[in-house]
>>> print(open('run-v6.cif').read())   # mmCIF, N, CA and C atoms and all ligand atoms
data_my_file
#
loop_
_atom_site.label_atom_id
_atom_site.label_comp_id
_atom_site.auth_asym_id
_atom_site.auth_seq_id
_atom_site.Cartn_x
_atom_site.Cartn_y
_atom_site.Cartn_z
N MET A 1 13.86 7.45 -7.09
CA MET A 1 13.19 6.20 -6.69
C MET A 1 12.83 6.22 -5.21
N ASP A 2 11.77 5.55 -4.91
CA ASP A 2 11.26 5.51 -3.55
C ASP A 2 11.51 4.11 -3.01
N PHE A 3 12.57 3.95 -2.23
CA PHE A 3 12.90 2.61 -1.75
C PHE A 3 12.22 2.29 -0.43
N TYR A 4 12.02 1.04 -0.20
CA TYR A 4 11.36 0.61 1.02
C TYR A 4 12.27 0.85 2.22
N SER A 5 11.66 1.13 3.32
CA SER A 5 12.39 1.27 4.58
C SER A 5 11.73 0.36 5.60
N ARG A 6 12.53 -0.40 6.32
CA ARG A 6 11.98 -1.33 7.29
C ARG A 6 11.12 -0.62 8.34
N ARG A 7 11.46 0.62 8.63
CA ARG A 7 10.71 1.36 9.64
C ARG A 7 9.27 1.62 9.19
N GLU A 8 9.04 1.55 7.88
CA GLU A 8 7.70 1.83 7.37
C GLU A 8 6.74 0.65 7.57
N LEU A 9 7.31 -0.51 7.77
CA LEU A 9 6.46 -1.68 7.87
C LEU A 9 5.63 -1.63 9.14
N GLN A 10 4.36 -2.00 9.01
CA GLN A 10 3.47 -1.97 10.15
C GLN A 10 2.93 -3.37 10.39
N HIS A 11 3.27 -3.92 11.54
CA HIS A 11 2.85 -5.28 11.84
C HIS A 11 1.64 -5.27 12.77
N SER A 12 0.82 -6.29 12.63
CA SER A 12 -0.32 -6.40 13.51
C SER A 12 -0.59 -7.87 13.78
N ASN A 13 -0.82 -8.20 15.01
CA ASN A 13 -1.11 -9.59 15.35
C ASN A 13 -2.54 -9.74 15.83
N GLU A 14 -3.40 -8.87 15.36
CA GLU A 14 -4.78 -8.88 15.84
C GLU A 14 -5.55 -10.12 15.37
N MET A 15 -5.27 -10.55 14.16
CA MET A 15 -6.06 -11.62 13.57
C MET A 15 -5.28 -12.93 13.54
N GLU A 16 -5.40 -13.72 14.58
CA GLU A 16 -4.82 -15.06 14.62
C GLU A 16 -3.36 -15.07 14.17
N GLY A 17 -2.61 -14.09 14.62
CA GLY A 17 -1.20 -14.06 14.28
C GLY A 17 -0.90 -13.60 12.87
N ALA A 18 -1.93 -13.23 12.11
CA ALA A 18 -1.68 -12.75 10.76
C ALA A 18 -0.89 -11.45 10.82
N THR A 19 -0.04 -11.25 9.86
CA THR A 19 0.78 -10.06 9.82
C THR A 19 0.42 -9.26 8.57
N LYS A 20 0.32 -7.99 8.75
CA LYS A 20 0.07 -7.14 7.59
C LYS A 20 1.12 -6.04 7.56
N VAL A 21 1.49 -5.65 6.37
CA VAL A 21 2.50 -4.60 6.22
C VAL A 21 2.01 -3.58 5.21
N LYS A 22 2.37 -2.34 5.43
CA LYS A 22 2.07 -1.30 4.47
C LYS A 22 3.23 -1.25 3.48
N LEU A 23 2.91 -1.30 2.22
CA LEU A 23 3.94 -1.28 1.19
C LEU A 23 4.13 0.13 0.66
N ARG A 24 5.37 0.60 0.69
CA ARG A 24 5.63 1.93 0.15
C ARG A 24 5.48 1.92 -1.36
N THR A 25 5.18 3.06 -1.92
CA THR A 25 5.19 3.16 -3.38
C THR A 25 6.62 2.86 -3.84
N GLY A 26 6.73 2.18 -4.96
CA GLY A 26 8.03 1.77 -5.46
C GLY A 26 8.39 0.35 -5.08
N THR A 27 7.65 -0.24 -4.13
CA THR A 27 7.88 -1.63 -3.76
C THR A 27 7.49 -2.53 -4.93
N GLU A 28 8.33 -3.52 -5.21
CA GLU A 28 8.04 -4.41 -6.33
C GLU A 28 7.45 -5.73 -5.84
N VAL A 29 6.43 -6.18 -6.55
CA VAL A 29 5.75 -7.43 -6.23
C VAL A 29 5.60 -8.27 -7.49
N GLN A 30 5.50 -9.59 -7.30
CA GLN A 30 5.36 -10.51 -8.43
C GLN A 30 4.36 -11.59 -8.06
N ASN A 31 3.52 -11.96 -9.00
CA ASN A 31 2.55 -13.03 -8.75
C ASN A 31 3.26 -14.33 -8.38
N VAL A 32 2.68 -15.05 -7.43
CA VAL A 32 3.15 -16.38 -7.06
C VAL A 32 2.16 -17.38 -7.63
N ARG A 33 2.66 -18.35 -8.35
CA ARG A 33 1.75 -19.32 -8.96
C ARG A 33 1.91 -20.68 -8.31
N GLY A 34 0.85 -21.46 -8.35
CA GLY A 34 0.93 -22.85 -7.96
C GLY A 34 1.04 -23.12 -6.47
N THR A 35 0.64 -22.15 -5.65
CA THR A 35 0.63 -22.45 -4.23
C THR A 35 -0.55 -23.36 -3.93
N THR A 36 -0.35 -24.30 -3.05
CA THR A 36 -1.37 -25.28 -2.75
C THR A 36 -2.63 -24.62 -2.21
N SER A 37 -2.44 -23.57 -1.43
CA SER A 37 -3.59 -22.93 -0.81
C SER A 37 -4.46 -22.20 -1.82
N CYS A 38 -3.91 -21.91 -3.00
CA CYS A 38 -4.73 -21.30 -4.05
C CYS A 38 -5.86 -22.24 -4.45
N ARG A 39 -5.59 -23.54 -4.31
CA ARG A 39 -6.62 -24.49 -4.72
C ARG A 39 -7.61 -24.76 -3.59
N SER A 40 -7.12 -24.72 -2.37
CA SER A 40 -8.01 -25.05 -1.26
C SER A 40 -8.89 -23.86 -0.85
N PHE A 41 -8.50 -22.66 -1.25
CA PHE A 41 -9.33 -21.48 -0.97
C PHE A 41 -9.79 -20.87 -2.28
N GLY A 42 -11.01 -20.38 -2.31
CA GLY A 42 -11.47 -19.67 -3.49
C GLY A 42 -11.01 -18.23 -3.43
N TYR A 43 -11.16 -17.52 -4.51
CA TYR A 43 -10.77 -16.11 -4.53
C TYR A 43 -11.56 -15.32 -3.48
N ASP A 44 -12.83 -15.65 -3.33
CA ASP A 44 -13.65 -14.93 -2.37
C ASP A 44 -13.11 -15.08 -0.96
N SER A 45 -12.60 -16.27 -0.65
CA SER A 45 -12.06 -16.50 0.68
C SER A 45 -10.84 -15.64 0.95
N TRP A 46 -9.99 -15.48 -0.07
CA TRP A 46 -8.80 -14.65 0.11
C TRP A 46 -9.19 -13.19 0.27
N LYS A 47 -10.22 -12.77 -0.46
CA LYS A 47 -10.69 -11.40 -0.30
C LYS A 47 -11.24 -11.20 1.12
N GLN A 48 -11.99 -12.21 1.60
CA GLN A 48 -12.54 -12.12 2.96
C GLN A 48 -11.43 -12.08 4.01
N LEU A 49 -10.39 -12.90 3.79
CA LEU A 49 -9.26 -12.91 4.72
C LEU A 49 -8.62 -11.53 4.76
N TYR A 50 -8.44 -10.95 3.58
CA TYR A 50 -7.82 -9.63 3.49
C TYR A 50 -8.68 -8.57 4.19
N GLU A 51 -9.96 -8.60 3.90
CA GLU A 51 -10.86 -7.61 4.52
C GLU A 51 -10.90 -7.77 6.04
N GLY A 52 -10.83 -9.03 6.50
CA GLY A 52 -10.83 -9.26 7.93
C GLY A 52 -9.59 -8.70 8.60
N ALA A 53 -8.46 -8.81 7.92
CA ALA A 53 -7.19 -8.37 8.50
C ALA A 53 -7.00 -6.85 8.39
N VAL A 54 -7.43 -6.29 7.27
CA VAL A 54 -7.16 -4.88 7.00
C VAL A 54 -8.34 -3.98 7.39
N GLY A 55 -9.55 -4.52 7.26
CA GLY A 55 -10.71 -3.74 7.63
C GLY A 55 -11.43 -3.11 6.46
N ASN A 56 -10.82 -3.14 5.30
CA ASN A 56 -11.51 -2.62 4.11
C ASN A 56 -10.88 -3.21 2.85
N TRP A 57 -11.51 -2.88 1.74
CA TRP A 57 -11.04 -3.37 0.43
C TRP A 57 -10.94 -2.16 -0.48
N PRO A 58 -9.81 -1.94 -1.11
CA PRO A 58 -9.65 -0.73 -1.94
C PRO A 58 -10.45 -0.82 -3.25
N ASP A 59 -10.74 0.32 -3.81
CA ASP A 59 -11.47 0.35 -5.07
C ASP A 59 -10.61 -0.09 -6.25
N PHE A 60 -9.36 0.36 -6.22
CA PHE A 60 -8.55 0.18 -7.43
C PHE A 60 -7.31 -0.68 -7.21
N CYS A 61 -6.90 -1.30 -8.28
CA CYS A 61 -5.67 -2.09 -8.33
C CYS A 61 -4.48 -1.17 -8.02
N PRO A 62 -3.58 -1.57 -7.10
CA PRO A 62 -2.55 -0.64 -6.60
C PRO A 62 -1.23 -0.64 -7.36
N VAL A 63 -1.14 -1.37 -8.47
CA VAL A 63 0.16 -1.46 -9.15
C VAL A 63 0.16 -0.74 -10.50
N ASP A 64 1.35 -0.26 -10.85
CA ASP A 64 1.61 0.29 -12.19
C ASP A 64 0.55 1.30 -12.65
N TYR A 65 0.11 2.15 -11.74
CA TYR A 65 -0.86 3.21 -12.04
C TYR A 65 -2.11 2.65 -12.70
N CYS A 66 -2.50 1.46 -12.28
CA CYS A 66 -3.66 0.78 -12.86
C CYS A 66 -4.94 1.53 -12.47
N THR A 67 -5.90 1.57 -13.39
CA THR A 67 -7.18 2.24 -13.12
C THR A 67 -8.33 1.25 -13.08
N ARG A 68 -8.00 -0.05 -13.10
CA ARG A 68 -9.06 -1.07 -13.04
C ARG A 68 -9.43 -1.35 -11.58
N ASN A 69 -10.60 -1.90 -11.41
CA ASN A 69 -11.06 -2.24 -10.06
C ASN A 69 -10.28 -3.43 -9.50
N ALA A 70 -9.97 -3.35 -8.22
CA ALA A 70 -9.34 -4.48 -7.53
C ALA A 70 -10.44 -5.49 -7.21
N ILE A 71 -10.32 -6.70 -7.76
CA ILE A 71 -11.37 -7.70 -7.51
C ILE A 71 -10.84 -9.00 -6.94
N TYR A 72 -9.53 -9.25 -7.06
CA TYR A 72 -8.96 -10.50 -6.55
C TYR A 72 -7.97 -10.24 -5.43
N GLY A 73 -7.90 -11.19 -4.52
CA GLY A 73 -6.82 -11.19 -3.54
C GLY A 73 -5.64 -11.92 -4.17
N ALA A 74 -4.73 -11.16 -4.75
CA ALA A 74 -3.62 -11.77 -5.48
C ALA A 74 -2.53 -12.24 -4.53
N HIS A 75 -1.94 -13.40 -4.85
CA HIS A 75 -0.81 -13.91 -4.08
C HIS A 75 0.47 -13.39 -4.72
N VAL A 76 1.25 -12.68 -3.96
CA VAL A 76 2.48 -12.11 -4.52
C VAL A 76 3.66 -12.35 -3.58
N ARG A 77 4.86 -12.29 -4.15
CA ARG A 77 6.06 -12.19 -3.33
C ARG A 77 6.51 -10.74 -3.41
N VAL A 78 7.11 -10.28 -2.33
CA VAL A 78 7.59 -8.91 -2.26
C VAL A 78 9.10 -8.94 -2.36
N HIS A 79 9.68 -7.97 -3.07
CA HIS A 79 11.09 -8.09 -3.42
C HIS A 79 12.01 -8.14 -2.21
N PHE A 80 11.59 -7.57 -1.07
CA PHE A 80 12.46 -7.61 0.10
C PHE A 80 12.09 -8.75 1.04
N ASN A 81 11.13 -9.59 0.66
CA ASN A 81 10.72 -10.70 1.50
C ASN A 81 10.38 -11.87 0.59
N ARG A 82 11.42 -12.43 -0.07
CA ARG A 82 11.18 -13.44 -1.11
C ARG A 82 10.63 -14.73 -0.55
N GLY A 83 10.78 -14.98 0.75
CA GLY A 83 10.38 -16.27 1.31
C GLY A 83 8.91 -16.36 1.68
N GLY A 84 8.19 -15.25 1.63
CA GLY A 84 6.80 -15.26 2.05
C GLY A 84 5.85 -14.99 0.91
N VAL A 85 4.60 -15.39 1.11
CA VAL A 85 3.56 -15.09 0.13
C VAL A 85 2.58 -14.12 0.79
N TRP A 86 2.28 -13.05 0.11
CA TRP A 86 1.43 -11.99 0.63
C TRP A 86 0.21 -11.81 -0.26
N ILE A 87 -0.84 -11.30 0.32
CA ILE A 87 -2.05 -11.04 -0.45
C ILE A 87 -2.23 -9.54 -0.59
N ILE A 88 -2.40 -9.09 -1.81
CA ILE A 88 -2.80 -7.70 -2.04
C ILE A 88 -3.94 -7.70 -3.06
N PRO A 89 -4.83 -6.73 -2.97
CA PRO A 89 -5.92 -6.65 -3.94
C PRO A 89 -5.36 -6.32 -5.33
N MET A 90 -5.95 -6.92 -6.34
CA MET A 90 -5.48 -6.65 -7.70
C MET A 90 -6.61 -6.83 -8.70
N CYS A 91 -6.44 -6.23 -9.86
CA CYS A 91 -7.43 -6.39 -10.93
C CYS A 91 -7.19 -7.72 -11.64
N ALA A 92 -8.14 -8.09 -12.50
CA ALA A 92 -8.06 -9.37 -13.20
C ALA A 92 -6.85 -9.43 -14.13
N LYS A 93 -6.49 -8.30 -14.71
CA LYS A 93 -5.37 -8.29 -15.65
C LYS A 93 -4.04 -8.53 -14.94
N HIS A 94 -3.81 -7.79 -13.86
CA HIS A 94 -2.52 -7.92 -13.17
C HIS A 94 -2.42 -9.21 -12.36
N ASN A 95 -3.56 -9.77 -11.96
CA ASN A 95 -3.54 -11.03 -11.21
C ASN A 95 -3.52 -12.24 -12.13
N HIS A 96 -3.48 -12.03 -13.43
CA HIS A 96 -3.57 -13.15 -14.37
C HIS A 96 -2.38 -14.09 -14.25
N TYR A 97 -2.65 -15.39 -14.42
CA TYR A 97 -1.60 -16.38 -14.19
C TYR A 97 -0.45 -16.29 -15.19
N THR A 98 -0.68 -15.64 -16.31
CA THR A 98 0.40 -15.50 -17.29
C THR A 98 1.29 -14.30 -17.00
N ASN A 99 0.87 -13.46 -16.04
CA ASN A 99 1.66 -12.27 -15.73
C ASN A 99 2.75 -12.63 -14.73
N ASN A 100 3.98 -12.71 -15.24
CA ASN A 100 5.12 -13.07 -14.39
C ASN A 100 6.05 -11.88 -14.15
N ASP A 101 5.57 -10.69 -14.49
CA ASP A 101 6.40 -9.49 -14.37
C ASP A 101 6.45 -8.99 -12.93
N TRP A 102 7.55 -8.32 -12.60
CA TRP A 102 7.59 -7.58 -11.34
C TRP A 102 6.79 -6.30 -11.55
N MET A 103 5.87 -6.04 -10.65
CA MET A 103 5.01 -4.87 -10.74
C MET A 103 5.36 -3.91 -9.61
N THR A 104 5.15 -2.64 -9.85
CA THR A 104 5.52 -1.63 -8.88
C THR A 104 4.28 -1.08 -8.18
N ILE A 105 4.33 -1.04 -6.85
CA ILE A 105 3.23 -0.47 -6.08
C ILE A 105 3.18 1.04 -6.33
N THR A 106 2.03 1.53 -6.77
CA THR A 106 1.90 2.96 -7.04
C THR A 106 0.83 3.63 -6.17
N ASP A 107 0.14 2.83 -5.35
CA ASP A 107 -0.83 3.40 -4.43
C ASP A 107 -0.21 3.40 -3.03
N SER A 108 -0.08 4.59 -2.44
CA SER A 108 0.64 4.71 -1.17
C SER A 108 -0.13 4.12 0.02
N ASN A 109 -1.37 3.72 -0.18
CA ASN A 109 -2.16 3.13 0.90
C ASN A 109 -2.27 1.60 0.80
N THR A 110 -1.35 1.00 0.08
CA THR A 110 -1.43 -0.43 -0.14
C THR A 110 -0.96 -1.22 1.07
N ILE A 111 -1.79 -2.14 1.52
CA ILE A 111 -1.44 -3.00 2.64
C ILE A 111 -1.43 -4.45 2.15
N ALA A 112 -0.35 -5.17 2.49
CA ALA A 112 -0.24 -6.58 2.14
C ALA A 112 -0.48 -7.42 3.38
N VAL A 113 -1.21 -8.52 3.21
CA VAL A 113 -1.51 -9.42 4.31
C VAL A 113 -0.72 -10.71 4.11
N TYR A 114 -0.03 -11.13 5.16
CA TYR A 114 0.79 -12.34 5.05
C TYR A 114 -0.08 -13.56 4.89
N ALA A 115 0.23 -14.40 3.90
CA ALA A 115 -0.57 -15.60 3.66
C ALA A 115 0.13 -16.86 4.14
N GLU A 116 1.37 -17.04 3.73
CA GLU A 116 2.05 -18.29 4.05
C GLU A 116 3.51 -18.19 3.61
N LYS A 117 4.26 -19.20 4.04
CA LYS A 117 5.62 -19.35 3.56
C LYS A 117 5.55 -19.87 2.15
N GLU A 118 6.44 -19.41 1.30
CA GLU A 118 6.38 -19.85 -0.08
C GLU A 118 6.83 -21.30 -0.23
N HIS A 119 6.06 -22.06 -1.03
CA HIS A 119 6.41 -23.45 -1.31
C HIS A 119 7.37 -23.48 -2.47
N THR A 120 8.44 -24.21 -2.32
CA THR A 120 9.39 -24.27 -3.41
C THR A 120 9.58 -25.70 -3.88
ZN ZN A 201 -4.30 -3.75 -12.35
#
>>> encode(input="run-v6.cif", output="structure tokens")
Amino acid sequence: MDFYSRRELQHSNEMEGATKVKLRTGTEVQNVRGTTSCRSFGYDSWKQLYEGAVGNWPDFCPVDYCTRNAIYGAHVRVHFNRGGVWIIPMCAKHNHYTNNDWMTITDSNTIAVYAEKEHT
């Protein structure tokens, strides 16, 4: 197994204090549902936020060896940072609201952008 190491995380404060981290393969993520900001922002806005912070948008969904195109900025929690909500690109299937499974990052170039503190 490939476990996360804190030293691997890469922070950046270039964009209005936004933080981005590189997720190692093996990192587990889970969709976050019902965040208020999901309603106030459209999917396109989250994709734009991600592209602004990271500088590009990947072709493919980075979880579970998925081969579908990444089209949504999915809101996820990361297993070592349960209190925050992060955005990673995902396909329509893995970003679906009924998907409550923990998914494993399988693309070693995956970068997550910090969105907000999780609402509980
Ligand atoms: Zn997928």
>>> atom_distance(input="run-v6.cif", atom1="CA of Asn109 in chain A", atom2="CA of Trp57 in chain A")
11.0 Å
>>> residues_around(input="run-v6.cif", residues="range 24-34 of chain A", least_positions_apart="5", cutoff="6.5 Å", atoms="only N, CA and C atoms", output="ChimeraX atom specification")
/A:2-4,75-79,99-108
>>> closest_residue(input="run-v6.cif", among="A:Tyr65, A:Tyr114, A:Trp86, A:Phe80", to="ligand ZN 201 (chain A)", atoms="only C-alpha atoms and all ligand atoms")
A:Tyr65
>>> closest_residue(input="run-v6.cif", among="A:Cys66, A:Val85, A:Val113, A:Ala92", to="Val54 in chain A", atoms="all atoms listed in the file")
A:Val113
>>> residues_near_ligand(input="run-v6.cif", ligand="ligand ZN 201 (chain A)", cutoff="10 Å", atoms="only C-alpha atoms and all ligand atoms", output="PyMOL selection string")
chain A and resi 60-71+89-96+103
>>> axis_aligned_box(input="run-v6.cif", around="range 57-63 of chain A", padding_each_side="8 Å", output="JSON")
{"center_x": -5.7, "center_y": -1.5, "center_z": -4.4, "size_x": 27.7, "size_y": 19.7, "size_z": 28.2}
>>> closest_residue(input="run-v6.cif", among="A:Ser45, A:Ala115, A:Glu51, A:Asn56", to="Gly84 in chain A", atoms="only N, CA and C atoms")
A:Ala115
>>> atom_distance(input="run-v6.cif", atom1="CA of Tyr50 in chain A", atom2="CA of Thr98 in chain A")
23.1 Å
>>> closest_residue(input="run-v6.cif", among="A:Thr19, A:Tyr72, A:Ala112, A:Pro58", to="Ile87 in chain A", atoms="only C-alpha atoms")
A:Ala112
